[in-house]
Structure formats: C-alpha cells, structure tokens
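**Q** Structure: protein23.pdb, PDB, C-alpha atoms, pLDDT in the B column.
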```pdb
ATOM      1  CA  LEU A   1     264.535 -18.859 110.868  1.00 65.00           C
ATOM      2  CA  PHE A   2     264.686 -17.277 114.337  1.00 76.00           C
ATOM      3  CA  SER A   3     267.712 -15.039 113.816  1.00 78.00           C
ATOM      4  CA  ARG A   4     267.671 -11.244 113.781  1.00 85.00           C
ATOM      5  CA  TYR A   5     268.019  -9.242 110.609  1.00 85.00           C
ATOM      6  CA  SER A   6     271.606  -8.229 109.905  1.00 88.00           C
ATOM      7  CA  ARG A   7     272.763  -4.683 109.193  1.00 91.00           C
ATOM      8  CA  SER A   8     273.052  -5.721 105.534  1.00 91.00           C
ATOM      9  CA  ASP A   9     269.442  -6.980 105.557  1.00 89.00           C
ATOM     10  CA  ARG A  10     268.211  -3.666 106.976  1.00 90.00           C
ATOM     11  CA  GLU A  11     270.259  -1.680 104.446  1.00 93.00           C
ATOM     12  CA  LYS A  12     268.859  -3.734 101.545  1.00 94.00           C
ATOM     13  CA  ALA A  13     265.312  -3.207 102.834  1.00 92.00           C
ATOM     14  CA  GLN A  14     265.870   0.535 103.216  1.00 94.00           C
ATOM     15  CA  GLU A  15     267.393   0.799  99.741  1.00 94.00           C
ATOM     16  CA  ALA A  16     264.482  -1.123  98.227  1.00 94.00           C
ATOM     17  CA  LEU A  17     261.894   1.046 100.003  1.00 94.00           C
ATOM     18  CA  GLU A  18     263.686   4.149  98.792  1.00 94.00           C
ATOM     19  CA  ARG A  19     263.809   2.794  95.249  1.00 91.00           C
ATOM     20  CA  VAL A  20     260.017   2.509  95.078  1.00 91.00           C
ATOM     21  CA  GLY A  21     259.377   5.777  96.937  1.00 90.00           C
ATOM     22  CA  MET A  22     258.200   4.160 100.164  1.00 90.00           C
ATOM     23  CA  LEU A  23     261.061   4.927 102.582  1.00 93.00           C
ATOM     24  CA  LYS A  24     258.973   7.599 104.331  1.00 93.00           C
ATOM     25  CA  TYR A  25     256.587   4.810 105.406  1.00 91.00           C
ATOM     26  CA  ALA A  26     259.281   2.475 106.746  1.00 90.00           C
ATOM     27  CA  ARG A  27     258.048   2.768 110.337  1.00 91.00           C
ATOM     28  CA  LYS A  28     254.342   2.622 109.481  1.00 92.00           C
ATOM     29  CA  SER A  29     252.466  -0.614 110.097  1.00 93.00           C
ATOM     30  CA  TYR A  30     251.728  -2.531 106.878  1.00 92.00           C
ATOM     31  CA  THR A  31     248.075  -2.834 107.927  1.00 92.00           C
ATOM     32  CA  LEU A  32     247.747   0.972 107.935  1.00 94.00           C
ATOM     33  CA  LEU A  33     249.010   1.380 104.360  1.00 93.00           C
ATOM     34  CA  SER A  34     246.694   1.947 101.401  1.00 90.00           C
ATOM     35  CA  GLY A  35     246.366  -0.720  98.719  1.00 89.00           C
ATOM     36  CA  GLY A  36     248.774   1.095  96.399  1.00 89.00           C
ATOM     37  CA  GLU A  37     251.305   1.575  99.179  1.00 91.00           C
ATOM     38  CA  ARG A  38     251.055  -2.115 100.039  1.00 92.00           C
ATOM     39  CA  GLN A  39     251.741  -3.101  96.420  1.00 91.00           C
ATOM     40  CA  LEU A  40     254.864  -0.910  96.403  1.00 92.00           C
ATOM     41  CA  VAL A  41     256.036  -2.383  99.721  1.00 94.00           C
ATOM     42  CA  LEU A  42     255.603  -5.898  98.307  1.00 93.00           C
ATOM     43  CA  ILE A  43     257.707  -4.917  95.287  1.00 94.00           C
ATOM     44  CA  ALA A  44     260.338  -3.462  97.650  1.00 94.00           C
ATOM     45  CA  ARG A  45     260.370  -6.683  99.661  1.00 94.00           C
ATOM     46  CA  ALA A  46     260.982  -8.702  96.506  1.00 95.00           C
ATOM     47  CA  LEU A  47     263.733  -6.284  95.430  1.00 95.00           C
ATOM     48  CA  ALA A  48     265.412  -6.621  98.835  1.00 95.00           C
ATOM     49  CA  GLN A  49     265.334 -10.395  98.406  1.00 94.00           C
ATOM     50  CA  GLY A  50     267.057 -10.114  95.029  1.00 95.00           C
ATOM     51  CA  ALA A  51     264.115 -10.807  92.721  1.00 96.00           C
ATOM     52  CA  SER A  52     264.469  -9.884  89.070  1.00 96.00           C
ATOM     53  CA  LEU A  53     261.145 -11.338  87.874  1.00 97.00           C
ATOM     54  CA  PHE A  54     257.802 -10.177  89.249  1.00 96.00           C
ATOM     55  CA  ILE A  55     254.575 -12.040  88.554  1.00 96.00           C
ATOM     56  CA  MET A  56     251.555  -9.890  89.362  1.00 95.00           C
ATOM     57  CA  ASP A  57     247.912 -10.851  89.011  1.00 95.00           C
ATOM     58  CA  GLU A  58     245.920  -7.686  88.312  1.00 94.00           C
ATOM     59  CA  PRO A  59     248.202  -5.462  90.416  1.00 93.00           C
ATOM     60  CA  VAL A  60     245.955  -2.371  90.146  1.00 93.00           C
ATOM     61  CA  SER A  61     242.789  -4.181  91.245  1.00 91.00           C
ATOM     62  CA  GLY A  62     241.141  -2.253  94.064  1.00 89.00           C
ATOM     63  CA  LEU A  63     243.455   0.752  93.769  1.00 90.00           C
ATOM     64  CA  ASP A  64     242.240   4.299  93.251  1.00 91.00           C
ATOM     65  CA  TYR A  65     243.235   6.045  90.028  1.00 93.00           C
ATOM     66  CA  GLY A  66     246.231   7.867  91.528  1.00 91.00           C
ATOM     67  CA  ASN A  67     247.680   4.712  93.074  1.00 90.00           C
ATOM     68  CA  GLN A  68     247.105   2.809  89.830  1.00 92.00           C
ATOM     69  CA  LEU A  69     249.237   5.338  87.976  1.00 93.00           C
ATOM     70  CA  ARG A  70     251.918   5.486  90.706  1.00 90.00           C
ATOM     71  CA  LEU A  71     252.198   1.685  90.699  1.00 92.00           C
ATOM     72  CA  LEU A  72     252.390   1.535  86.891  1.00 94.00           C
ATOM     73  CA  GLU A  73     255.045   4.264  86.945  1.00 93.00           C
ATOM     74  CA  GLN A  74     257.168   2.197  89.342  1.00 93.00           C
ATOM     75  CA  ILE A  75     256.689  -0.941  87.257  1.00 95.00           C
ATOM     76  CA  ASP A  76     257.738   0.993  84.159  1.00 95.00           C
ATOM     77  CA  ALA A  77     260.792   2.473  85.903  1.00 94.00           C
ATOM     78  CA  LEU A  78     261.940  -0.907  87.217  1.00 95.00           C
ATOM     79  CA  ALA A  79     261.328  -2.587  83.856  1.00 96.00           C
ATOM     80  CA  SER A  80     263.529   0.050  82.198  1.00 95.00           C
ATOM     81  CA  GLN A  81     266.272  -0.962  84.668  1.00 95.00           C
ATOM     82  CA  GLY A  82     266.147  -4.571  83.507  1.00 95.00           C
ATOM     83  CA  TYR A  83     263.546  -6.097  85.831  1.00 96.00           C
ATOM     84  CA  THR A  84     260.907  -8.313  84.235  1.00 97.00           C
ATOM     85  CA  PHE A  85     257.202  -7.982  85.008  1.00 96.00           C
ATOM     86  CA  LEU A  86     254.619 -10.546  83.982  1.00 96.00           C
ATOM     87  CA  LYS A  87     251.213  -9.200  84.883  1.00 96.00           C
ATOM     88  CA  SER A  88     247.595  -9.776  84.067  1.00 95.00           C
ATOM     89  CA  THR A  89     245.243  -6.874  83.488  1.00 95.00           C
ATOM     90  CA  HIS A  90     241.803  -6.139  82.151  1.00 92.00           C
ATOM     91  CA  TYR A  91     242.791  -2.555  81.294  1.00 93.00           C
ATOM     92  CA  PRO A  92     243.988  -2.128  77.689  1.00 94.00           C
ATOM     93  CA  ASP A  93     245.401   1.325  78.500  1.00 93.00           C
ATOM     94  CA  HIS A  94     247.570  -0.140  81.250  1.00 94.00           C
ATOM     95  CA  ALA A  95     248.881  -2.818  78.930  1.00 94.00           C
ATOM     96  CA  MET A  96     249.793  -0.161  76.386  1.00 93.00           C
ATOM     97  CA  MET A  97     251.377   2.115  79.001  1.00 92.00           C
ATOM     98  CA  VAL A  98     253.891  -0.269  80.546  1.00 93.00           C
ATOM     99  CA  SER A  99     254.179  -3.357  78.360  1.00 94.00           C
ATOM    100  CA  THR A 100     256.592  -4.346  75.649  1.00 95.00           C
ATOM    101  CA  ARG A 101     254.642  -7.504  74.833  1.00 97.00           C
ATOM    102  CA  VAL A 102     250.955  -8.312  75.162  1.00 97.00           C
ATOM    103  CA  ILE A 103     249.310 -11.708  75.048  1.00 97.00           C
ATOM    104  CA  MET A 104     245.531 -11.668  74.833  1.00 95.00           C
ATOM    105  CA  LEU A 105     243.707 -14.692  76.181  1.00 94.00           C
ATOM    106  CA  ARG A 106     240.096 -15.719  75.873  1.00 92.00           C
ATOM    107  CA  ASP A 107     238.669 -18.983  77.162  1.00 92.00           C
ATOM    108  CA  GLY A 108     242.211 -20.234  77.823  1.00 92.00           C
ATOM    109  CA  THR A 109     243.275 -19.654  74.222  1.00 94.00           C
ATOM    110  CA  VAL A 110     245.867 -17.185  72.978  1.00 95.00           C
ATOM    111  CA  ARG A 111     244.008 -14.792  70.672  1.00 93.00           C
ATOM    112  CA  ALA A 112     246.879 -12.377  69.999  1.00 94.00           C
ATOM    113  CA  ASP A 113     250.577 -12.052  70.875  1.00 97.00           C
ATOM    114  CA  GLY A 114     252.890  -9.170  70.025  1.00 97.00           C
ATOM    115  CA  THR A 115     253.685  -5.554  70.787  1.00 96.00           C
ATOM    116  CA  PRO A 116     250.945  -3.471  72.394  1.00 94.00           C
ATOM    117  CA  LYS A 117     250.448  -1.474  69.182  1.00 92.00           C
ATOM    118  CA  GLU A 118     250.065  -4.686  67.138  1.00 94.00           C
ATOM    119  CA  VAL A 119     247.827  -6.484  69.603  1.00 95.00           C
ATOM    120  CA  VAL A 120     245.667  -3.888  71.356  1.00 95.00           C
ATOM    121  CA  THR A 121     243.351  -2.804  68.551  1.00 95.00           C
ATOM    122  CA  PRO A 122     239.661  -1.938  68.289  1.00 95.00           C
ATOM    123  CA  GLU A 123     239.125  -5.329  66.659  1.00 95.00           C
ATOM    124  CA  SER A 124     240.904  -7.315  69.370  1.00 95.00           C
ATOM    125  CA  ILE A 125     239.107  -5.392  72.141  1.00 95.00           C
ATOM    126  CA  ALA A 126     235.780  -6.096  70.417  1.00 93.00           C
ATOM    127  CA  GLU A 127     236.625  -9.801  70.191  1.00 92.00           C
ATOM    128  CA  LEU A 128     237.856 -10.003  73.780  1.00 92.00           C
ATOM    129  CA  TYR A 129     235.274  -7.862  75.596  1.00 91.00           C
ATOM    130  CA  ASP A 130     232.417  -7.490  73.084  1.00 91.00           C
ATOM    131  CA  VAL A 131     232.588  -3.678  73.241  1.00 92.00           C
ATOM    132  CA  ARG A 132     233.425  -1.018  70.686  1.00 94.00           C
ATOM    133  CA  VAL A 133     236.397   1.283  71.207  1.00 95.00           C
ATOM    134  CA  SER A 134     238.553   3.599  69.186  1.00 94.00           C
ATOM    135  CA  MET A 135     242.300   4.096  69.528  1.00 94.00           C
ATOM    136  CA  HIS A 136     243.882   7.545  69.772  1.00 93.00           C
ATOM    137  CA  ASP A 137     247.513   8.623  69.779  1.00 92.00           C
ATOM    138  CA  HIS A 138     248.276  11.216  72.443  1.00 91.00           C
ATOM    139  CA  PRO A 139     250.945  13.874  71.703  1.00 94.00           C
ATOM    140  CA  SER A 140     253.055  12.334  74.498  1.00 90.00           C
ATOM    141  CA  GLY A 141     253.383   9.178  72.400  1.00 87.00           C
ATOM    142  CA  MET A 142     250.938   7.233  74.537  1.00 88.00           C
ATOM    143  CA  ARG A 143     248.149   5.352  72.777  1.00 91.00           C
ATOM    144  CA  LEU A 144     244.710   5.481  74.404  1.00 91.00           C
ATOM    145  CA  CYS A 145     241.706   3.195  74.181  1.00 93.00           C
ATOM    146  CA  VAL A 146     238.451   5.182  74.253  1.00 92.00           C
ATOM    147  CA  PRO A 147     235.053   3.463  74.576  1.00 92.00           C
ATOM    148  CA  GLU A 148     232.330   4.427  72.140  1.00 90.00           C
ATOM    149  CA  PRO A 149     229.566   6.522  73.753  1.00 86.00           C
ATOM    150  CA  PHE A 150     226.781   4.666  75.569  1.00 79.00           C
ATOM    151  CA  GLY A 151     223.700   5.190  73.428  1.00 68.00           C
ATOM    152  CA  GLY A 152     224.361   8.884  73.091  1.00 58.00           C
ATOM    153  CA  VAL A 153     226.838  11.643  73.745  1.00 58.00           C
ATOM    154  CA  ARG A 154     227.004  13.034  77.275  1.00 57.00           C
ATOM    155  CA  ALA A 155     228.173  16.464  78.322  1.00 55.00           C
TER     156      ALA A 155
END
```
Hey, can you dump this file as structure tokens for me?

**A**
Amino acid sequence: LFSRYSRSDREKAQEALERVGMLKYARKSYTLLSGGERQLVLIARALAQGASLFIMDEPVSGLDYGNQLRLLEQIDALASQGYTFLKSTHYPDHAMMVSTRVIMLRDGTVRADGTPKEVVTPESIAELYDVRVSMHDHPSGMRLCVPEPFGGVRA
C-alpha cells in the first residue's frame, strides 16, 4: 500500500500510455487533461493493471466531437487486439461504428439483441427514441443513422 512503484510498474504505465496515444501527457497533471484525454488515461491505467474487460457507462458523454471519435478509435483498436468493451451509449452511430453486438434496452427490457446491422434499424430507433431516422451506407462501409428533417428542410 505504501511502497514505491517498481521499474516494471513504471514501464507498464509508460507502455499503456503509449498504446492509447497519451505518452506525451505523462507528466501533465490529470486535472489539467480534457475529458477525452482523461478517458484515454483511465483506459491506459486499466491496461497497465492487466485488464482485458472494460465496462464503460456512456464513455463519450461530455466529450467534444473530436475526442468522441478519438476515444471510439482507441476502443475499436483495442477491441481488434482482443480486449472486450461493454459500453452503454445513446448514439446509434457509435454503436454501429465500434460494436460487434448491440443490445437495445427500454424500460429494463431487452428489445433487440444482435449485430449492429440487424439491431440498429429505423424501426428499432423509432421504438426506442420515438423519432424517425433513415439508415445510409457510406462508401467506407460504415452505416449511418440520419434523423428526418425537423418540420422542413434547412440549408
């Protein structure tokens, strides 16, 4: 409890920070980091401790658009290396971007369970959020959820 970190501990921490692209901030105080940087540091800390499963409750909440995408990119990269992420989100696009399985819940009941393409549909979004959307396939292979216009088309 009161011992110093070993050389091995410091090396693991450095390796984990490097893995998530945060090594350049190793000497910066945690309280001075942005929300996205903090999320990446927390992932690095878990990696350094040997975690292979990450449970994240709305990990992009409060992050600006750029940090949302950087965090999702890291989650996707780590998942492709065999790490498991269980996360909640209210963003259908995020679920489709970095998930291999989606479980939709409403009022504590499972409404849908399967691959993102099977589960995230205009019908399921309408049932879950009471809004109308359309789904579009991007040339990159990504599937996008686009809300219907609000009462009229805007320029």

**Q** Rank A:Arg38, A:Arg27, A:Lys87, A:Arg70 by their smallest atom-to-atom distance to Glu58 (chain A), using all atoms listed in the file, and report the top residue only.

**A**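 That would be A:Lys87, the residue with the smallest distance to Glu58 (chain A).
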
**Q** Counting only C-alpha atoms, give me one row per residue of region 50-97 of chain A with an atom at most 12 Å from an atom of region 106-114 of chain A, showing the shortest contact pair and its distance in Å to one decimal, sorted by chain then residue number, as a tab-separated table.

**A**
```
residue	atom	partner	partner_atom	distance
A:His90	CA	A:Arg106	CA	11.6
A:Ala95	CA	A:Gly114	CA	11.6
A:Met96	CA	A:Gly114	CA	11.5
```

**Q** Using only C-alpha atoms, pick whichever of A:Pro92, A:Pro122, A:Gly35, A:Gly141 has the shortest atom-to-atom distance to Gly62 (chain A).

**A**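 Residue with the minimum atom-to-atom distance to Gly62 (chain A): A:Gly35.
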
**Q** Translate the PyMOL selection byres ((chain A and resi 74-80) around 12), as applied to the file shown, into an explicit residue set as a ChimeraX atom specification.

**A** /A:16-22,36-37,39-41,43-44,47,51-56,59-60,67-73,81-87,94-100

**Q** Between CA of Ser134 (chain A) and CA of Pro149 (chain A), measure the distance and give it in Å to one decimal.

**A**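 These atoms are spaced 10.5 Å apart.
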
**Q** List the spatial neighbours of Ile125 (chain A) as a PyMOL selection string - criterion: any atom at most 10 Å away, all atoms listed in the file, same-chain residues fewer than 6 positions off excluded.

**A** chain A and resi 92+104+119+131-134+145

**Q** Work out how far CA of Thr121 (chain A) is from CA of Asp93 (chain A), in Å to one decimal.

**A**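 Atom-to-atom, CA of Asp93 (chain A) and CA of Thr121 (chain A) are spaced 11.0 Å apart.
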
**Q** Applied to the shown file, which residues does the PyMOL selection byres ((chain A and resi 12) around 10) return, written as a PyMOL selection string?

**A** chain A and resi 6-11+13-18+44-45+47-50

**Q** One decimal, Å: what's the distance from CA of Thr31 (chain A) over to CA of Leu63 (chain A), could you say?

**A**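 Answer for the CA of Thr31 (chain A) to CA of Leu63 (chain A) separation: 15.3 Å.
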
**Q** Please rebuild region 106-120 of chain A with N, CA and C atoms and return the result as a short mmCIF file (atom, residue, chain, number, x, y, z; two decimals), in the coordinates of the input.

**A**
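What ended up in selection_31.cif:
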```
data_model
loop_
_atom_site.label_atom_id
_atom_site.label_comp_id
_atom_site.auth_asym_id
_atom_site.auth_seq_id
_atom_site.Cartn_x
_atom_site.Cartn_y
_atom_site.Cartn_z
N ARG A 106 241.53 -15.59 75.70
CA ARG A 106 240.10 -15.72 75.87
C ARG A 106 239.76 -17.19 75.92
N ASP A 107 239.05 -17.58 76.97
CA ASP A 107 238.67 -18.98 77.16
C ASP A 107 239.90 -19.89 77.14
N GLY A 108 241.00 -19.42 77.73
CA GLY A 108 242.21 -20.23 77.82
C GLY A 108 242.99 -20.36 76.53
N THR A 109 242.61 -19.59 75.52
CA THR A 109 243.28 -19.65 74.22
C THR A 109 243.95 -18.33 73.91
N VAL A 110 245.17 -18.40 73.39
CA VAL A 110 245.87 -17.18 72.98
C VAL A 110 245.19 -16.65 71.73
N ARG A 111 244.68 -15.43 71.81
CA ARG A 111 244.01 -14.79 70.67
C ARG A 111 244.94 -13.84 69.92
N ALA A 112 245.93 -13.29 70.63
CA ALA A 112 246.88 -12.38 70.00
C ALA A 112 248.14 -12.32 70.85
N ASP A 113 249.29 -12.10 70.19
CA ASP A 113 250.58 -12.05 70.88
C ASP A 113 251.49 -11.13 70.07
N GLY A 114 252.00 -10.09 70.71
CA GLY A 114 252.89 -9.17 70.03
C GLY A 114 253.07 -7.89 70.81
N THR A 115 253.51 -6.85 70.13
CA THR A 115 253.68 -5.55 70.79
C THR A 115 252.31 -4.98 71.11
N PRO A 116 252.24 -4.07 72.08
CA PRO A 116 250.94 -3.47 72.39
C PRO A 116 250.27 -2.84 71.18
N LYS A 117 251.04 -2.14 70.34
CA LYS A 117 250.45 -1.47 69.18
C LYS A 117 249.88 -2.49 68.19
N GLU A 118 250.55 -3.64 68.06
CA GLU A 118 250.06 -4.69 67.14
C GLU A 118 248.84 -5.40 67.68
N VAL A 119 248.81 -5.60 68.99
CA VAL A 119 247.83 -6.48 69.60
C VAL A 119 246.59 -5.76 70.13
N VAL A 120 246.80 -4.61 70.76
CA VAL A 120 245.67 -3.89 71.36
C VAL A 120 245.06 -2.98 70.29
#
```
